[in-house]
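Listing of entry-v4.txt; format and content: compact mmCIF, C-alpha atoms and all ligand atoms.
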# COMPACT_ATOMS: atom_id res chain seq x y z
CA MET A 1 10.18 -27.40 -7.66
CA THR A 2 13.96 -27.66 -7.97
CA ALA A 3 15.99 -30.25 -6.01
CA ASP A 4 17.56 -27.43 -3.94
CA LEU A 5 14.16 -26.14 -2.92
CA GLU A 6 12.97 -29.63 -2.05
CA THR A 7 16.00 -30.09 0.20
CA VAL A 8 15.29 -26.79 1.94
CA PHE A 9 11.62 -27.69 2.38
CA ASP A 10 12.33 -31.18 3.78
CA ARG A 11 14.99 -29.95 6.19
CA LEU A 12 12.84 -27.09 7.47
CA LYS A 13 9.83 -29.33 7.88
CA SER A 14 11.78 -31.65 10.15
CA ALA A 15 13.66 -28.87 11.98
CA PHE A 16 10.71 -26.60 12.80
CA SER A 17 9.13 -27.14 16.16
CA GLN A 18 6.70 -24.23 16.26
CA GLY A 19 7.06 -22.26 13.04
CA LYS A 20 4.79 -22.91 10.05
CA ILE A 21 5.86 -23.92 6.57
CA ARG A 22 3.76 -24.26 3.41
CA LEU A 23 4.30 -24.99 -0.27
CA ASN A 24 2.84 -22.91 -3.13
CA GLU A 25 1.37 -20.21 -0.93
CA PRO A 26 -0.73 -17.59 -2.81
CA MET A 27 0.83 -14.20 -2.08
CA ALA A 28 -2.22 -12.03 -2.87
CA PRO A 29 -3.66 -12.38 0.67
CA HIS A 30 -0.25 -11.45 2.08
CA THR A 31 -0.16 -8.07 0.33
CA THR A 32 -2.34 -4.99 0.64
CA PHE A 33 -2.57 -4.75 -3.18
CA GLY A 34 -4.18 -8.20 -3.17
CA VAL A 35 -2.47 -9.41 -6.36
CA GLY A 36 0.34 -11.77 -7.30
CA GLY A 37 1.17 -15.45 -7.78
CA CYS A 38 2.40 -18.11 -5.36
CA ALA A 39 5.59 -18.36 -3.34
CA ASP A 40 7.33 -21.73 -3.76
CA ILE A 41 7.87 -21.99 0.00
CA PHE A 42 6.29 -19.78 2.67
CA VAL A 43 7.64 -19.94 6.21
CA GLU A 44 6.64 -18.30 9.45
CA PRO A 45 9.54 -18.68 11.86
CA TYR A 46 8.59 -18.45 15.49
CA SER A 47 11.97 -17.48 16.90
CA GLU A 48 15.19 -15.84 15.83
CA SER A 49 16.97 -19.18 15.95
CA GLU A 50 14.40 -20.67 13.53
CA LEU A 51 14.90 -17.64 11.30
CA ALA A 52 18.69 -18.16 11.42
CA ASP A 53 18.20 -21.83 10.42
CA ILE A 54 16.15 -20.77 7.39
CA VAL A 55 18.61 -18.19 6.09
CA ARG A 56 21.59 -20.54 6.60
CA LEU A 57 19.80 -23.39 4.82
CA CYS A 58 18.93 -21.09 1.93
CA ALA A 59 22.53 -19.85 1.70
CA GLN A 60 23.92 -23.41 1.78
CA ASN A 61 21.56 -24.54 -0.99
CA GLY A 62 21.76 -21.45 -3.19
CA VAL A 63 18.07 -20.70 -2.66
CA ARG A 64 16.85 -17.10 -2.57
CA TYR A 65 14.74 -15.79 0.28
CA PHE A 66 12.63 -12.71 0.68
CA ILE A 67 11.15 -11.23 3.87
CA VAL A 68 7.52 -10.12 3.82
CA GLY A 69 5.94 -8.21 6.67
CA ARG A 70 2.42 -6.96 6.04
CA GLY A 71 3.11 -6.67 2.32
CA SER A 72 1.91 -3.09 2.34
CA ASN A 73 4.58 -1.70 0.04
CA LEU A 74 4.89 -4.68 -2.22
CA LEU A 75 3.86 -5.70 -5.72
CA VAL A 76 4.24 -9.44 -6.30
CA LYS A 77 4.16 -10.35 -9.98
CA ASP A 78 1.60 -12.80 -11.35
CA GLY A 79 4.13 -15.64 -11.84
CA GLY A 80 4.86 -15.68 -8.10
CA ILE A 81 8.14 -15.96 -6.22
CA ARG A 82 10.77 -18.62 -6.79
CA GLY A 83 12.45 -19.51 -3.53
CA VAL A 84 11.46 -18.91 0.06
CA VAL A 85 9.24 -16.18 1.46
CA ILE A 86 9.80 -15.58 5.17
CA HIS A 87 7.07 -13.97 7.26
CA PRO A 88 8.27 -13.22 10.80
CA ALA A 89 5.17 -13.67 12.95
CA GLY A 90 4.11 -14.79 16.41
CA GLU A 91 4.66 -13.55 19.92
CA TRP A 92 8.40 -12.86 19.77
CA PHE A 93 8.48 -11.02 16.46
CA GLU A 94 5.36 -9.02 17.32
CA ARG A 95 6.47 -7.96 20.80
CA ILE A 96 6.15 -4.34 21.93
CA ILE A 97 7.82 -3.54 25.27
CA VAL A 98 7.57 -0.05 26.74
CA GLU A 99 10.29 1.02 29.19
CA GLY A 100 10.39 4.67 30.17
CA CYS A 101 10.63 6.71 26.96
CA GLU A 102 11.77 3.73 24.89
CA ILE A 103 9.76 1.14 23.02
CA GLU A 104 11.38 -2.12 21.95
CA CYS A 105 9.54 -3.65 19.01
CA GLY A 106 9.94 -6.90 17.12
CA SER A 107 10.06 -6.62 13.34
CA GLY A 108 6.57 -8.12 13.06
CA ALA A 109 4.93 -5.51 15.31
CA ARG A 110 2.38 -3.38 13.51
CA LEU A 111 3.03 0.35 13.35
CA LYS A 112 -0.54 1.10 14.30
CA THR A 113 -0.17 -1.02 17.45
CA VAL A 114 3.12 0.68 18.34
CA ALA A 115 1.43 4.10 17.98
CA GLY A 116 -1.41 2.84 20.21
CA GLU A 117 1.02 1.66 22.91
CA ALA A 118 2.84 5.00 22.81
CA LEU A 119 -0.49 6.78 23.30
CA LYS A 120 -1.39 4.53 26.24
CA ASN A 121 1.94 5.39 27.86
CA SER A 122 1.72 9.14 27.05
CA LEU A 123 4.79 9.02 24.82
CA SER A 124 4.92 11.53 21.99
CA GLY A 125 6.87 11.27 18.72
CA PHE A 126 5.09 8.14 17.48
CA GLU A 127 1.89 9.81 16.24
CA PHE A 128 2.87 9.70 12.55
CA LEU A 129 2.97 5.88 12.66
CA GLU A 130 -0.77 5.71 13.31
CA GLY A 131 -1.97 5.27 9.72
CA ILE A 132 1.00 3.58 8.05
CA PRO A 133 -0.25 0.07 7.32
CA GLY A 134 3.04 -1.86 7.68
CA THR A 135 5.18 -3.58 10.30
CA ILE A 136 8.32 -2.32 12.05
CA GLY A 137 10.52 -4.53 9.82
CA GLY A 138 9.03 -3.17 6.60
CA ALA A 139 9.10 0.39 7.91
CA LEU A 140 12.81 0.11 8.78
CA ARG A 141 13.65 -1.42 5.39
CA MET A 142 11.87 1.47 3.62
CA ASN A 143 12.53 4.21 6.17
CA ALA A 144 8.76 4.65 6.03
CA GLY A 145 7.32 8.02 6.80
CA ALA A 146 4.22 10.17 6.83
CA MET A 147 3.04 13.53 8.08
CA GLY A 148 6.58 14.94 8.16
CA GLY A 149 8.08 12.09 10.20
CA GLU A 150 10.25 9.11 9.24
CA ILE A 151 10.83 5.97 11.30
CA PHE A 152 14.59 6.55 11.55
CA ASP A 153 13.89 9.91 13.25
CA ILE A 154 12.90 7.88 16.32
CA VAL A 155 15.21 4.86 16.06
CA LYS A 156 17.81 4.46 18.81
CA THR A 157 19.19 1.07 17.74
CA ILE A 158 18.22 -1.81 15.48
CA ARG A 159 19.16 -5.48 15.57
CA ILE A 160 19.88 -7.14 12.26
CA MET A 161 20.69 -10.64 10.98
CA ASN A 162 22.94 -11.42 8.02
CA ASN A 163 22.53 -14.37 5.65
CA GLN A 164 24.71 -16.53 7.89
CA GLY A 165 22.23 -16.08 10.72
CA GLU A 166 24.58 -13.79 12.68
CA ILE A 167 23.00 -11.04 14.75
CA ARG A 168 24.35 -7.60 15.62
CA GLU A 169 23.01 -4.37 17.00
CA ILE A 170 23.66 -1.15 15.11
CA LYS A 171 22.95 2.56 15.44
CA PRO A 172 21.04 4.51 12.77
CA GLU A 173 24.31 6.15 11.62
CA GLU A 174 25.56 2.72 10.56
CA ALA A 175 22.41 1.83 8.65
CA ALA A 176 22.93 4.01 5.51
CA VAL A 177 19.51 5.58 5.76
CA GLU A 178 18.00 7.71 2.99
CA TYR A 179 14.60 8.93 1.88
CA ARG A 180 12.53 5.72 1.65
CA ASP A 181 15.55 3.44 1.83
CA CYS A 182 17.85 1.78 4.36
CA LYS A 183 20.76 0.25 2.48
CA ILE A 184 21.98 -2.11 5.20
CA LEU A 185 18.59 -3.84 5.15
CA ARG A 186 18.92 -4.65 1.45
CA ASP A 187 20.96 -7.70 2.47
CA ASN A 188 20.35 -7.97 6.21
CA ILE A 189 17.10 -8.75 7.99
CA ALA A 190 15.68 -6.34 10.57
CA LEU A 191 14.89 -8.26 13.77
CA SER A 192 13.86 -5.50 16.14
CA ALA A 193 14.26 -1.84 16.97
CA VAL A 194 14.42 0.34 20.03
CA LEU A 195 12.46 3.54 19.36
CA THR A 196 12.59 6.64 21.54
CA GLY A 197 9.92 9.19 22.28
CA LYS A 198 9.35 12.01 24.74
CA PRO A 199 7.03 12.19 27.71
CA GLY A 200 3.87 13.88 26.43
CA ASN A 201 0.31 14.75 27.23
CA ARG A 202 -2.08 11.93 26.41
CA GLU A 203 -4.86 14.19 25.16
CA GLU A 204 -2.52 16.13 22.91
CA ILE A 205 -1.08 12.91 21.47
CA ALA A 206 -4.59 11.59 20.80
CA LYS A 207 -5.55 14.89 19.16
CA LYS A 208 -2.53 14.81 16.87
CA MET A 209 -3.24 11.19 15.87
CA ASP A 210 -6.81 12.15 15.15
CA GLU A 211 -5.75 15.05 12.94
CA PHE A 212 -3.35 12.81 10.99
CA SER A 213 -6.04 10.19 10.56
CA LYS A 214 -8.55 12.79 9.31
CA LYS A 215 -6.02 14.24 6.89
CA ARG A 216 -5.27 10.78 5.55
CA ARG A 217 -8.94 9.87 5.16
CA LEU A 218 -9.53 13.05 3.15
CA SER A 219 -6.47 12.71 0.89
CA GLN A 220 -5.91 8.98 0.41
CA PRO A 221 -8.06 6.19 -1.05
CA GLN A 222 -9.73 3.42 0.96
CA TRP A 223 -9.33 0.83 -1.83
CA ARG A 224 -6.64 -1.83 -1.80
CA SER A 225 -3.28 -0.27 -2.68
CA ALA A 226 0.38 -0.26 -1.69
CA GLY A 227 0.43 3.39 -0.64
CA CYS A 228 2.48 5.77 -2.74
CA VAL A 229 3.80 4.05 -5.85
CA PHE A 230 6.57 6.53 -6.72
CA LYS A 231 9.20 8.32 -4.67
CA ASN A 232 8.72 12.05 -4.62
CA PRO A 233 11.25 13.65 -6.99
CA PRO A 234 13.43 16.19 -5.09
CA GLY A 235 11.29 19.17 -4.11
CA LEU A 236 8.17 17.82 -5.84
CA SER A 237 5.17 15.63 -5.06
CA ALA A 238 4.72 12.73 -7.50
CA GLY A 239 1.00 12.67 -6.68
CA LYS A 240 0.60 16.34 -7.49
CA LEU A 241 2.51 15.92 -10.76
CA ILE A 242 0.25 13.05 -11.86
CA ASP A 243 -2.78 15.07 -10.78
CA GLU A 244 -1.67 18.15 -12.74
CA LEU A 245 -1.27 16.03 -15.87
CA GLY A 246 -4.92 14.96 -15.54
CA LEU A 247 -4.03 11.29 -15.12
CA LYS A 248 -6.15 10.49 -12.05
CA GLY A 249 -8.80 7.90 -12.84
CA THR A 250 -6.72 6.33 -15.66
CA LYS A 251 -7.54 2.64 -15.77
CA ILE A 252 -5.78 -0.40 -17.15
CA GLY A 253 -7.71 -3.63 -16.53
CA GLY A 254 -8.58 -3.65 -12.83
CA ALA A 255 -5.87 -1.14 -11.86
CA MET A 256 -6.71 2.54 -11.57
CA VAL A 257 -4.91 5.75 -10.62
CA SER A 258 -6.76 6.85 -7.49
CA ASN A 259 -9.10 9.79 -7.82
CA GLU A 260 -8.17 10.84 -4.27
CA HIS A 261 -4.36 10.84 -4.64
CA GLY A 262 -2.36 10.72 -7.88
CA ASN A 263 0.48 8.67 -6.38
CA PHE A 264 -1.78 5.76 -5.42
CA ILE A 265 -2.74 2.96 -7.78
CA VAL A 266 -5.75 1.06 -6.51
CA ASN A 267 -7.00 -2.45 -7.16
CA THR A 268 -10.64 -1.98 -8.12
CA GLY A 269 -11.25 -5.67 -7.41
CA SER A 270 -10.01 -7.60 -10.41
CA ALA A 271 -6.52 -6.18 -10.96
CA THR A 272 -3.59 -8.39 -11.89
CA ALA A 273 0.02 -7.48 -11.19
CA ARG A 274 0.38 -7.03 -14.95
CA ASP A 275 -2.39 -4.38 -14.98
CA ILE A 276 -0.60 -2.49 -12.19
CA LEU A 277 2.81 -2.77 -13.87
CA ASN A 278 1.36 -1.53 -17.16
CA LEU A 279 -0.24 1.43 -15.40
CA ILE A 280 3.06 2.23 -13.63
CA GLN A 281 4.87 2.20 -16.98
CA PHE A 282 2.16 4.37 -18.55
CA LEU A 283 2.50 6.97 -15.78
CA LYS A 284 6.30 6.95 -16.01
CA ASN A 285 6.12 7.49 -19.79
CA GLU A 286 3.59 10.33 -19.52
CA VAL A 287 5.51 12.16 -16.78
CA LYS A 288 8.75 11.78 -18.74
CA LYS A 289 7.14 12.92 -22.00
CA GLN A 290 5.25 15.88 -20.57
CA ARG A 291 7.56 17.05 -17.77
CA GLY A 292 10.95 15.44 -18.52
CA ILE A 293 11.00 13.84 -15.06
CA GLU A 294 11.96 10.18 -14.49
CA LEU A 295 9.74 8.83 -11.73
CA GLN A 296 11.20 6.05 -9.61
CA THR A 297 9.04 3.44 -7.96
CA GLU A 298 8.90 3.49 -4.20
CA ILE A 299 7.08 0.18 -3.86
CA GLU A 300 9.11 -2.99 -4.11
CA ILE A 301 8.35 -5.13 -7.17
CA ILE A 302 9.29 -8.80 -6.83
CA GLY A 303 8.69 -12.17 -8.42
CA GLU A 304 8.33 -13.46 -11.96
CA ASP A 305 6.05 -12.73 -14.87
CA PHE A 306 3.91 -15.56 -16.15
N1 LIG B 401 -1.49 16.73 -4.13
C1 LIG B 401 -2.29 17.06 -5.18
N2 LIG B 401 -2.90 16.06 -5.87
C2 LIG B 401 -2.73 14.75 -5.56
C3 LIG B 401 -1.90 14.41 -4.48
C4 LIG B 401 -1.28 15.43 -3.76
O1 LIG B 401 -2.46 18.23 -5.50
O2 LIG B 401 -3.32 13.91 -6.25
C5 LIG B 401 -0.86 17.80 -3.35
C6 LIG B 401 -1.41 17.89 -1.92
O3 LIG B 401 -2.56 18.66 -1.86
C7 LIG B 401 -0.24 18.49 -1.18
C8 LIG B 401 0.99 17.95 -1.92
O4 LIG B 401 0.53 17.53 -3.21
O5 LIG B 401 -0.24 19.88 -1.32
C9 LIG B 401 1.65 16.77 -1.19
O6 LIG B 401 0.67 15.74 -1.01
P1 LIG B 401 0.62 14.80 0.29
O7 LIG B 401 0.54 15.64 1.52
O8 LIG B 401 -0.40 13.77 0.07
O9 LIG B 401 2.08 14.18 0.34
P2 LIG B 401 2.86 13.32 -0.72
O10 LIG B 401 4.19 13.94 -0.87
O11 LIG B 401 2.09 13.04 -1.95
C10 LIG B 401 3.92 11.86 1.18
C11 LIG B 401 4.30 10.41 1.31
C12 LIG B 401 3.09 9.60 1.78
C13 LIG B 401 2.52 10.17 3.06
C14 LIG B 401 2.12 11.62 2.78
C15 LIG B 401 1.51 12.32 3.98
C16 LIG B 401 5.97 9.81 -0.39
C17 LIG B 401 6.20 9.19 -1.71
N3 LIG B 401 4.70 9.88 0.03
O12 LIG B 401 3.00 11.94 0.08
O13 LIG B 401 3.56 8.29 2.05
O14 LIG B 401 1.40 9.43 3.51
O15 LIG B 401 3.32 12.33 2.37
O16 LIG B 401 2.48 12.62 4.90
O17 LIG B 401 6.93 10.22 0.27
C18 LIG B 401 3.87 6.11 1.18
O18 LIG B 401 5.07 6.27 1.43
O19 LIG B 401 3.42 5.05 0.70
C19 LIG B 401 2.97 7.21 1.42
C20 LIG B 401 1.68 7.16 1.10
Just give me the structure as structure tokens.
Amino acid sequence: MTADLETVFDRLKSAFSQGKIRLNEPMAPHTTFGVGGCADIFVEPYSESELADIVRLCAQNGVRYFIVGRGSNLLVKDGGIRGVVIHPAGEWFERIIVEGCEIECGSGARLKTVAGEALKNSLSGFEFLEGIPGTIGGALRMNAGAMGGEIFDIVKTIRIMNNQGEIREIKPEEAAVEYRDCKILRDNIALSAVLTGKPGNREEIAKKMDEFSKKRRLSQPQWRSAGCVFKNPPGLSAGKLIDELGLKGTKIGGAMVSNEHGNFIVNTGSATARDILNLIQFLKNEVKKQRGIELQTEIEIIGEDF
């Protein structure tokens, strides 16, 4: 570990009252893919002021940090992550507060739980969140979507923190939102969001969630994965393209193109990040060679090779 990292670790250890901090934390259990090496330092801040301390300390010491929610759209390389991984967890970051048609959620709140709360309160517009495996923070960063909906369709405001620990509230128009991207969150941290729905009928909401869940179960794999690997090229479905080229079932080591959906790579149990990266490259090459289309990854790939 470098001297800068040691300084950050020592200072955080003495400053933290409730948050957790660990050295050399294996990242595989923190991702849905279940692969990847260790993070030098892994911290779970308990409050926004602890989070601000971490980012300021990192900035002062020239140490990189990376935020991980549920790790459901993430491929961590086998050599792990140099620097600090921050996992916002605990009561404050996971809060979900319903007030009228609005739901205020901390960045660590799970989308599934938010959808469940909306159902309980007969609020419609949140149904599509039901089967997305991530947290609010990750969903905002990626402008996550499914079943024709995207998170920013229902965002009223978000609160963000910069790398000096300063907090501000912004509207979606200021967030530079695109398909599967939110540019302002490339270098700011999402702290919370206020989402808005409409008063609805509880049975109808439940029915819609059920339909989405059925559709997902029929079209997507149950194995460990990070969801869709590639962005859909304009007007096309990456999964359908891969399917049409007969590439489903292609295997490299423990990584396999799902037989259910061509845009999913699954970990059959023994995959390494290298296997997955090799399979991604293979698919990109084949699609380029056979269709002339350059696929772009949708999942975030971080860390170092061995
Ligand atoms: N299709 C095939 N073969 C396949 C996969 C799909 O023929 O192997 C066909 C389907 O039958 C359908 C069309 O392609 O006619 C589109 O498929 P699907 O409805 O599964 O949607 P998608 O465009 O492949 C997008 C999102 C998913 C989201 C689904 C459902 C992206 C990259 N993917 O997939 O999001 O769950 O819609 O709404 O935008 C994710 O972001 O990680 C993700 C899984």
Nearest to ligand LIG 401 (chain B): which of A:Ala146, A:Leu245, A:Val177, A:Val257 is it, counting only C-alpha atoms and all ligand atoms?
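The answer is A:Ala146, which sits nearest to ligand LIG 401 (chain B).
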Please report as a tab-separated table every residue of chain A lying within 9 Å of ligand LIG 401 (chain B), along with the nearest atom pair and their distance in Å (one decimal), using only C-alpha atoms and all ligand atoms.
residue	atom	partner	partner_atom	distance
A:Ser72	CA	B:LIG401	O19	8.4
A:Asn73	CA	B:LIG401	O19	6.9
A:Phe128	CA	B:LIG401	O16	8.2
A:Gly131	CA	B:LIG401	O14	8.2
A:Ile132	CA	B:LIG401	O14	7.4
A:Met142	CA	B:LIG401	O18	8.6
A:Ala144	CA	B:LIG401	O18	6.1
A:Gly145	CA	B:LIG401	O13	6.1
A:Ala146	CA	B:LIG401	O16	3.6
A:Met147	CA	B:LIG401	O16	3.4
A:Gly148	CA	B:LIG401	O16	5.7
A:Gly149	CA	B:LIG401	O16	7.7
A:Tyr179	CA	B:LIG401	O17	7.9
A:Arg180	CA	B:LIG401	O17	7.3
A:Phe212	CA	B:LIG401	O16	8.4
A:Lys215	CA	B:LIG401	C15	8.3
A:Arg216	CA	B:LIG401	O14	7.1
A:Ser219	CA	B:LIG401	O8	6.2
A:Gln220	CA	B:LIG401	O8	7.3
A:Ala226	CA	B:LIG401	O19	6.6
A:Gly227	CA	B:LIG401	O19	3.7
A:Cys228	CA	B:LIG401	O19	3.6
A:Val229	CA	B:LIG401	O19	6.6
A:Phe230	CA	B:LIG401	C17	5.7
A:Lys231	CA	B:LIG401	C17	4.3
A:Asn232	CA	B:LIG401	C17	4.8
A:Pro233	CA	B:LIG401	C17	8.6
A:Leu236	CA	B:LIG401	O10	7.5
A:Ser237	CA	B:LIG401	O10	4.6
A:Ala238	CA	B:LIG401	O11	6.1
A:Gly239	CA	B:LIG401	C3	4.0
A:Lys240	CA	B:LIG401	C1	3.8
A:Leu241	CA	B:LIG401	N2	7.3
A:Ile242	CA	B:LIG401	O2	6.7
A:Asp243	CA	B:LIG401	O2	4.7
A:Glu244	CA	B:LIG401	O1	7.3
A:Lys248	CA	B:LIG401	O2	7.3
A:Ser258	CA	B:LIG401	O2	8.0
A:Asn259	CA	B:LIG401	O2	7.3
A:Glu260	CA	B:LIG401	O2	6.1
A:His261	CA	B:LIG401	O2	3.6
A:Gly262	CA	B:LIG401	O2	3.7
A:Asn263	CA	B:LIG401	O11	6.4
A:Phe264	CA	B:LIG401	C20	7.5
A:Thr297	CA	B:LIG401	C17	9.0
A:Glu298	CA	B:LIG401	C17	6.8
A:Ile299	CA	B:LIG401	O19	7.6
Of the candidates A:Arg224, A:Lys77, A:Arg70, A:Arg159, which one gets nearest to A:Glu104 if we count only C-alpha atoms?
A:Arg159
Applying 8 Å and all atoms listed in the file, which residues near stretch 21-23 of chain A remain after dropping the ones on its own chain fewer than 4 positions away? List them as a PyMOL selection string.
chain A and resi 12-13+39-44
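Taking atom CA of A:Cys101 as the reference point, atom CA of A:His87 is found at 28.8 Å.
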Between A:Arg56, A:Lys183, A:Arg64, A:Arg110, which has the minimum distance to A:Thr135 (counting only C-alpha atoms)?
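Of the candidates, the smallest distance to A:Thr135 is held by A:Arg110.
In terms of minimum interatomic distance to A:Ala271, A:Leu75 ranks closest within A:Leu111, A:Leu75, A:Ile103, A:Ile54, counting only C-alpha atoms.
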If I take atom CA of A:Ile151 and atom CA of A:Gly125, how far is one from the other in Å, to one decimal?
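Distance between the two atoms: 9.9 Å.
Distance-wise, atom CA of A:Val63 and atom CA of A:Glu166 end up 18.0 Å apart.
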Name the residues in contact with A:Arg274 at a cut-off of 12 Å, using only C-alpha atoms, excluding same-chain residues fewer than 5 positions from it; report them as a PyMOL selection string.
chain A and resi 35-37+75-80+252-255+267+279-281+301+303-306
Which is closer to A:Gly108 than all the others in A:Ser47, A:Ile81, A:Asp153, A:Arg291, using all atoms listed in the file?
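Of A:Ser47, A:Ile81, A:Asp153, A:Arg291, the one nearest A:Gly108 is A:Ser47, counting all atoms listed in the file.
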Between A:Phe16, A:Ile160, A:Gly69, A:Ala176, which residue has the minimum interatomic distance to A:Glu50, considering all atoms listed in the file?
A:Phe16
Could you pull stretch 24-31 of chain A out of the block above and give me all heavy atoms, as a JSON list (two decimals), in the first residue's frame?
[["chain", "number", "residue", "atom", "x", "y", "z"],
["A", 24, "ASN", "N", -7.98, -4.31, 1.98],
["A", 24, "ASN", "CA", -7.97, -5.48, 1.09],
["A", 24, "ASN", "C", -9.28, -6.25, 1.09],
["A", 24, "ASN", "O", -9.32, -7.43, 1.40],
["A", 24, "ASN", "CB", -6.82, -6.43, 1.47],
["A", 24, "ASN", "CG", -5.49, -5.76, 1.23],
["A", 24, "ASN", "OD1", -5.33, -5.04, 0.24],
["A", 24, "ASN", "ND2", -4.56, -5.97, 2.14],
["A", 25, "GLU", "N", -10.33, -5.56, 0.73],
["A", 25, "GLU", "CA", -11.66, -6.17, 0.74],
["A", 25, "GLU", "C", -11.93, -6.85, -0.61],
["A", 25, "GLU", "O", -11.89, -6.19, -1.66],
["A", 25, "GLU", "CB", -12.70, -5.07, 0.98],
["A", 25, "GLU", "CG", -14.14, -5.51, 0.87],
["A", 25, "GLU", "CD", -14.65, -6.17, 2.15],
["A", 25, "GLU", "OE1", -13.86, -6.36, 3.10],
["A", 25, "GLU", "OE2", -15.85, -6.48, 2.17],
["A", 26, "PRO", "N", -12.22, -8.17, -0.63],
["A", 26, "PRO", "CA", -12.55, -8.82, -1.91],
["A", 26, "PRO", "C", -13.82, -8.20, -2.48],
["A", 26, "PRO", "O", -14.81, -8.04, -1.77],
["A", 26, "PRO", "CB", -12.79, -10.28, -1.51],
["A", 26, "PRO", "CG", -12.21, -10.42, -0.14],
["A", 26, "PRO", "CD", -12.26, -9.07, 0.50],
["A", 27, "MET", "N", -13.78, -7.84, -3.75],
["A", 27, "MET", "CA", -14.92, -7.16, -4.37],
["A", 27, "MET", "C", -15.96, -8.13, -4.95],
["A", 27, "MET", "O", -17.09, -7.73, -5.18],
["A", 27, "MET", "CB", -14.43, -6.21, -5.47],
["A", 27, "MET", "CG", -13.77, -4.95, -4.93],
["A", 27, "MET", "SD", -14.85, -4.00, -3.82],
["A", 27, "MET", "CE", -16.15, -3.49, -4.95],
["A", 28, "ALA", "N", -15.57, -9.38, -5.18],
["A", 28, "ALA", "CA", -16.52, -10.33, -5.79],
["A", 28, "ALA", "C", -17.87, -10.37, -5.05],
["A", 28, "ALA", "O", -18.92, -10.28, -5.68],
["A", 28, "ALA", "CB", -15.89, -11.71, -5.91],
["A", 29, "PRO", "N", -17.87, -10.46, -3.72],
["A", 29, "PRO", "CA", -19.16, -10.50, -3.02],
["A", 29, "PRO", "C", -19.94, -9.19, -3.10],
["A", 29, "PRO", "O", -21.12, -9.16, -2.76],
["A", 29, "PRO", "CB", -18.78, -10.78, -1.56],
["A", 29, "PRO", "CG", -17.36, -11.20, -1.56],
["A", 29, "PRO", "CD", -16.74, -10.62, -2.78],
["A", 30, "HIS", "N", -19.27, -8.12, -3.52],
["A", 30, "HIS", "CA", -19.96, -6.83, -3.63],
["A", 30, "HIS", "C", -20.47, -6.56, -5.04],
["A", 30, "HIS", "O", -20.89, -5.44, -5.35],
["A", 30, "HIS", "CB", -19.02, -5.69, -3.20],
["A", 30, "HIS", "CG", -18.63, -5.74, -1.76],
["A", 30, "HIS", "ND1", -19.54, -5.48, -0.75],
["A", 30, "HIS", "CD2", -17.47, -6.06, -1.15],
["A", 30, "HIS", "CE1", -18.93, -5.63, 0.42],
["A", 30, "HIS", "NE2", -17.68, -5.98, 0.20],
["A", 31, "THR", "N", -20.39, -7.56, -5.92],
["A", 31, "THR", "CA", -20.91, -7.38, -7.28],
["A", 31, "THR", "C", -21.82, -8.55, -7.62],
["A", 31, "THR", "O", -21.62, -9.67, -7.12],
["A", 31, "THR", "CB", -19.78, -7.33, -8.33],
["A", 31, "THR", "OG1", -19.21, -8.63, -8.47],
["A", 31, "THR", "CG2", -18.69, -6.34, -7.96]]
